[in-house]
Amino acid sequence: MTDPAFVRAFQAAQAIHALPDVQGFVPIDDAARLSPRAPWLVPAARNMREDTALDTPNPDWRDPLVALWDKVPWRETYRDTDIGDDFMDRFGCYELVGHDGLFVSHKMRGFVVYMPANLYYGWHHHPAEEQYTILAGSAEFEQVGTPPRIMRPGESVFHPSNVPHRTITHDTPLLAWVAWRPPHMDIAPVLTEGME
């Protein structure tokens, strides 16, 4: 029997992709098939669940994605890099839709990203085009060639292919939906050398 928490999370992703900015970036793959994977927890998973500062006017987006905190394989993209233990212990990301997602798709990828207050996600880049949509909290986003700006629930920011960008939370945490679109969706982010 399918866990109803998975269905609710996918329905939340569908609702997020109904936003004009997100729909215009990449449509949700409604044909993505559920393929549950063994959970893999990171320290940030429990922190996300317990973070009472994830304010949002849209709990129907936030709550189903947070509810999967102990049911998903969390990613450790930057393991074995010099990003530091503090970041690895506090940053969280899992893939809901995509080739490694709970819902398998080769048309797009959709990740849930959690950052607690006062966390610095340094300069990084990747070939895939990316769009962050803020679900709860807020964060400062900056990319090469544009000034930093604070983004809040319902707002989206686009990152072009291989353009270095960074994210900083200040007094509030961040919960975001991160969508990737073809091509180049199979290449992981890397830290951008010489930017710090």
# chains A, B, ... in the order shown; residues from 1 in each chain; ligands from 1
>>> residues_around(residues="range 73-81 of chain A", least_positions_apart="3", cutoff="9 Å", atoms="only C-alpha atoms", output="compact mmCIF listing (two decimals) with N, CA and C atoms, in the first residue's frame")
# COMPACT_ATOMS: atom_id res chain seq x y z
N ARG A 37 12.39 4.64 -1.70
CA ARG A 37 13.78 4.25 -1.44
C ARG A 37 14.00 4.21 0.07
N ALA A 38 15.00 3.46 0.48
CA ALA A 38 15.30 3.37 1.91
C ALA A 38 15.71 4.75 2.43
N PRO A 39 15.18 5.14 3.58
CA PRO A 39 15.55 6.44 4.15
C PRO A 39 17.04 6.50 4.49
N TRP A 40 17.60 7.69 4.37
CA TRP A 40 18.96 7.97 4.81
C TRP A 40 18.91 9.34 5.47
N LEU A 41 19.06 9.36 6.79
CA LEU A 41 18.88 10.59 7.53
C LEU A 41 20.19 11.33 7.72
N VAL A 42 20.11 12.64 7.68
CA VAL A 42 21.22 13.53 7.99
C VAL A 42 20.78 14.38 9.18
N ALA A 45 17.70 16.71 8.93
CA ALA A 45 16.34 16.18 8.76
C ALA A 45 15.50 16.44 10.00
N TRP A 69 10.37 13.91 6.43
CA TRP A 69 11.71 14.06 7.00
C TRP A 69 12.40 12.73 7.30
N ASP A 70 11.64 11.71 7.72
CA ASP A 70 12.26 10.42 8.07
C ASP A 70 11.94 9.31 7.08
N GLY A 84 33.00 22.03 4.94
CA GLY A 84 33.02 22.12 6.40
C GLY A 84 31.91 21.32 7.08
N MET A 88 27.66 20.67 6.58
CA MET A 88 27.18 19.30 6.38
C MET A 88 26.19 18.88 7.47
N GLY A 92 20.19 20.58 4.52
CA GLY A 92 19.47 19.37 4.14
C GLY A 92 18.86 19.49 2.76
N CYS A 93 18.89 18.39 2.01
CA CYS A 93 18.32 18.36 0.66
C CYS A 93 17.89 16.92 0.35
N TYR A 94 16.67 16.78 -0.14
CA TYR A 94 16.26 15.48 -0.67
C TYR A 94 15.54 15.68 -2.00
N GLU A 95 15.58 14.65 -2.83
CA GLU A 95 14.97 14.72 -4.16
C GLU A 95 13.61 14.01 -4.12
N GLY A 101 14.78 10.43 -7.39
CA GLY A 101 13.71 10.86 -6.51
C GLY A 101 12.79 9.74 -6.07
N LEU A 102 11.94 10.04 -5.10
CA LEU A 102 10.91 9.09 -4.70
C LEU A 102 9.93 8.86 -5.85
N ALA A 188 26.16 16.87 -10.81
CA ALA A 188 25.96 17.46 -9.48
C ALA A 188 26.61 18.83 -9.35
N PRO A 189 26.12 19.63 -8.42
CA PRO A 189 26.77 20.92 -8.15
C PRO A 189 28.19 20.73 -7.63
N VAL A 190 29.03 21.70 -7.91
CA VAL A 190 30.39 21.72 -7.35
C VAL A 190 30.65 23.11 -6.77
N LEU A 191 31.51 23.15 -5.78
CA LEU A 191 31.91 24.42 -5.21
C LEU A 191 32.72 25.20 -6.25
>>> select_by_dssp(residues="range 9-196 of chain A", states="alpha helix (DSSP H)", output="MDAnalysis selection string")
chainID A and resid 9:17 20:25 43:50 59:66 85:90
>>> atom_distance(atom1="CA of Glu142 in chain A", atom2="CA of Arg49 in chain A")
26.8 Å
>>> atom_distance(atom1="CA of Val72 in chain A", atom2="CA of Phe141 in chain A")
26.5 Å
>>> atom_distance(atom1="CA of Glu140 in chain A", atom2="CA of Thr169 in chain A")
6.2 Å
>>> closest_residue(among="A:Met108, A:Ala5, A:Arg166, A:Asp100", to="Pro147 in chain A", atoms="only C-alpha atoms")
A:Arg166
>>> select_by_dssp(residues="range 29-95 of chain A", states="strand (DSSP E)", output="PyMOL selection string")
chain A and resi 33-34+92-95
>>> write_last_selection(atoms="N, CA and C atoms", output="mmCIF file, in the first residue's frame")
data_model
loop_
_atom_site.group_PDB
_atom_site.id
_atom_site.type_symbol
_atom_site.label_atom_id
_atom_site.label_comp_id
_atom_site.auth_asym_id
_atom_site.auth_seq_id
_atom_site.Cartn_x
_atom_site.Cartn_y
_atom_site.Cartn_z
ATOM 1 N N ARG A 33 6.647 8.121 -11.599
ATOM 2 C CA ARG A 33 6.129 6.963 -10.863
ATOM 3 C C ARG A 33 6.808 6.833 -9.508
ATOM 4 N N LEU A 34 6.000 6.492 -8.522
ATOM 5 C CA LEU A 34 6.506 6.327 -7.166
ATOM 6 C C LEU A 34 7.418 5.113 -7.093
ATOM 7 N N GLY A 92 20.195 20.577 4.523
ATOM 8 C CA GLY A 92 19.468 19.374 4.137
ATOM 9 C C GLY A 92 18.860 19.493 2.758
ATOM 10 N N CYS A 93 18.891 18.387 2.005
ATOM 11 C CA CYS A 93 18.318 18.358 0.662
ATOM 12 C C CYS A 93 17.894 16.922 0.353
ATOM 13 N N TYR A 94 16.667 16.778 -0.142
ATOM 14 C CA TYR A 94 16.255 15.477 -0.670
ATOM 15 C C TYR A 94 15.537 15.683 -1.996
ATOM 16 N N GLU A 95 15.584 14.651 -2.834
ATOM 17 C CA GLU A 95 14.970 14.715 -4.159
ATOM 18 C C GLU A 95 13.614 14.012 -4.121
#
>>> residues_around(residues="Pro4 in chain A", least_positions_apart="2", cutoff="12 Å", atoms="only C-alpha atoms", output="tab-separated table (two decimals) with N, CA and C atoms, in the first residue's frame")
chain	number	residue	atom	x	y	z
A	1	MET	N	0.84	-1.18	0.00
A	1	MET	CA	0.00	0.00	0.00
A	1	MET	C	0.89	1.25	0.00
A	2	THR	N	0.53	2.25	-0.79
A	2	THR	CA	1.30	3.48	-0.89
A	2	THR	C	1.11	4.33	0.36
A	6	PHE	N	3.53	10.20	0.88
A	6	PHE	CA	4.17	10.39	-0.43
A	6	PHE	C	3.21	11.07	-1.40
A	7	VAL	N	1.96	10.63	-1.39
A	7	VAL	CA	0.96	11.22	-2.28
A	7	VAL	C	0.76	12.69	-1.96
A	8	ARG	N	0.63	13.02	-0.68
A	8	ARG	CA	0.44	14.42	-0.28
A	8	ARG	C	1.64	15.28	-0.69
A	9	ALA	N	2.84	14.74	-0.56
A	9	ALA	CA	4.03	15.50	-0.96
A	9	ALA	C	4.03	15.76	-2.46
A	10	PHE	N	3.66	14.75	-3.25
A	10	PHE	CA	3.61	14.96	-4.71
A	10	PHE	C	2.52	15.97	-5.06
A	11	GLN	N	1.41	15.93	-4.37
A	11	GLN	CA	0.34	16.91	-4.61
A	11	GLN	C	0.83	18.32	-4.27
A	34	LEU	N	6.00	6.49	-8.52
A	34	LEU	CA	6.51	6.33	-7.17
A	34	LEU	C	7.42	5.11	-7.09
A	64	PRO	N	3.45	18.96	3.87
A	64	PRO	CA	3.66	17.62	3.30
A	64	PRO	C	5.12	17.33	2.98
A	67	ALA	N	6.87	16.61	6.30
A	67	ALA	CA	6.41	15.34	6.87
A	67	ALA	C	7.22	14.14	6.37
A	68	LEU	N	7.94	14.30	5.27
A	68	LEU	CA	8.76	13.20	4.75
A	68	LEU	C	10.14	13.13	5.40
A	71	LYS	N	11.43	9.69	5.89
A	71	LYS	CA	11.01	8.69	4.91
A	71	LYS	C	11.81	8.75	3.61
>>> closest_residue(among="A:Tyr121, A:Phe158, A:Phe103, A:Phe91", to="Pro36 in chain A", atoms="only C-alpha atoms")
A:Phe103
>>> closest_residue(among="A:Met151, A:Val163, A:Ala12, A:Ile168", to="Asn118 in chain A", atoms="only C-alpha atoms")
A:Ile168
>>> residues_around(residues="Gln14 in chain A", least_positions_apart="4", cutoff="10 Å", atoms="only C-alpha atoms", output="PyMOL selection string")
chain A and resi 8-10+18-19+23+27-30+61
>>> write_last_selection(atoms="N, CA and C atoms", output="PDB file, in the first residue's frame")
ATOM      1  N   ARG A   8       0.632  13.020  -0.676  1.00  0.00           N
ATOM      2  CA  ARG A   8       0.444  14.420  -0.275  1.00  0.00           C
ATOM      3  C   ARG A   8       1.642  15.276  -0.688  1.00  0.00           C
ATOM      4  N   ALA A   9       2.844  14.738  -0.564  1.00  0.00           N
ATOM      5  CA  ALA A   9       4.034  15.496  -0.961  1.00  0.00           C
ATOM      6  C   ALA A   9       4.032  15.757  -2.463  1.00  0.00           C
ATOM      7  N   PHE A  10       3.659  14.748  -3.245  1.00  0.00           N
ATOM      8  CA  PHE A  10       3.609  14.957  -4.705  1.00  0.00           C
ATOM      9  C   PHE A  10       2.523  15.967  -5.059  1.00  0.00           C
ATOM     10  N   ALA A  18       2.051  24.776 -10.231  1.00  0.00           N
ATOM     11  CA  ALA A  18       0.941  25.521 -10.821  1.00  0.00           C
ATOM     12  C   ALA A  18       1.195  27.029 -10.778  1.00  0.00           C
ATOM     13  N   LEU A  19       2.182  27.450  -9.977  1.00  0.00           N
ATOM     14  CA  LEU A  19       2.552  28.867  -9.970  1.00  0.00           C
ATOM     15  C   LEU A  19       3.098  29.237 -11.351  1.00  0.00           C
ATOM     16  N   GLN A  23       5.700  26.884 -13.377  1.00  0.00           N
ATOM     17  CA  GLN A  23       5.148  26.210 -14.562  1.00  0.00           C
ATOM     18  C   GLN A  23       5.905  26.638 -15.810  1.00  0.00           C
ATOM     19  N   PRO A  27       7.368  22.211 -16.320  1.00  0.00           N
ATOM     20  CA  PRO A  27       6.152  21.619 -15.757  1.00  0.00           C
ATOM     21  C   PRO A  27       6.499  20.403 -14.901  1.00  0.00           C
ATOM     22  N   ILE A  28       5.645  20.147 -13.910  1.00  0.00           N
ATOM     23  CA  ILE A  28       5.817  18.939 -13.111  1.00  0.00           C
ATOM     24  C   ILE A  28       5.576  17.730 -14.021  1.00  0.00           C
ATOM     25  N   ASP A  29       6.295  16.672 -13.798  1.00  0.00           N
ATOM     26  CA  ASP A  29       6.092  15.446 -14.565  1.00  0.00           C
ATOM     27  C   ASP A  29       4.996  14.637 -13.877  1.00  0.00           C
ATOM     28  N   ASP A  30       3.751  14.836 -14.305  1.00  0.00           N
ATOM     29  CA  ASP A  30       2.623  14.138 -13.691  1.00  0.00           C
ATOM     30  C   ASP A  30       2.692  12.628 -13.886  1.00  0.00           C
ATOM     31  N   TRP A  61       1.915  23.767   1.184  1.00  0.00           N
ATOM     32  CA  TRP A  61       3.152  23.456   0.463  1.00  0.00           C
ATOM     33  C   TRP A  61       4.188  22.907   1.428  1.00  0.00           C
TER      34      TRP A  61
END
>>> residues_around(residues="range 52-55 of chain A", least_positions_apart="5", cutoff="9 Å", atoms="only C-alpha atoms", output="PyMOL selection string")
chain A and resi 62+116-117+135-138+153+172-175
>>> closest_residue(among="A:Asn47, A:Asn58, A:Ser105, A:Gln131", to="Ala32 in chain A", atoms="only C-alpha atoms")
A:Ser105
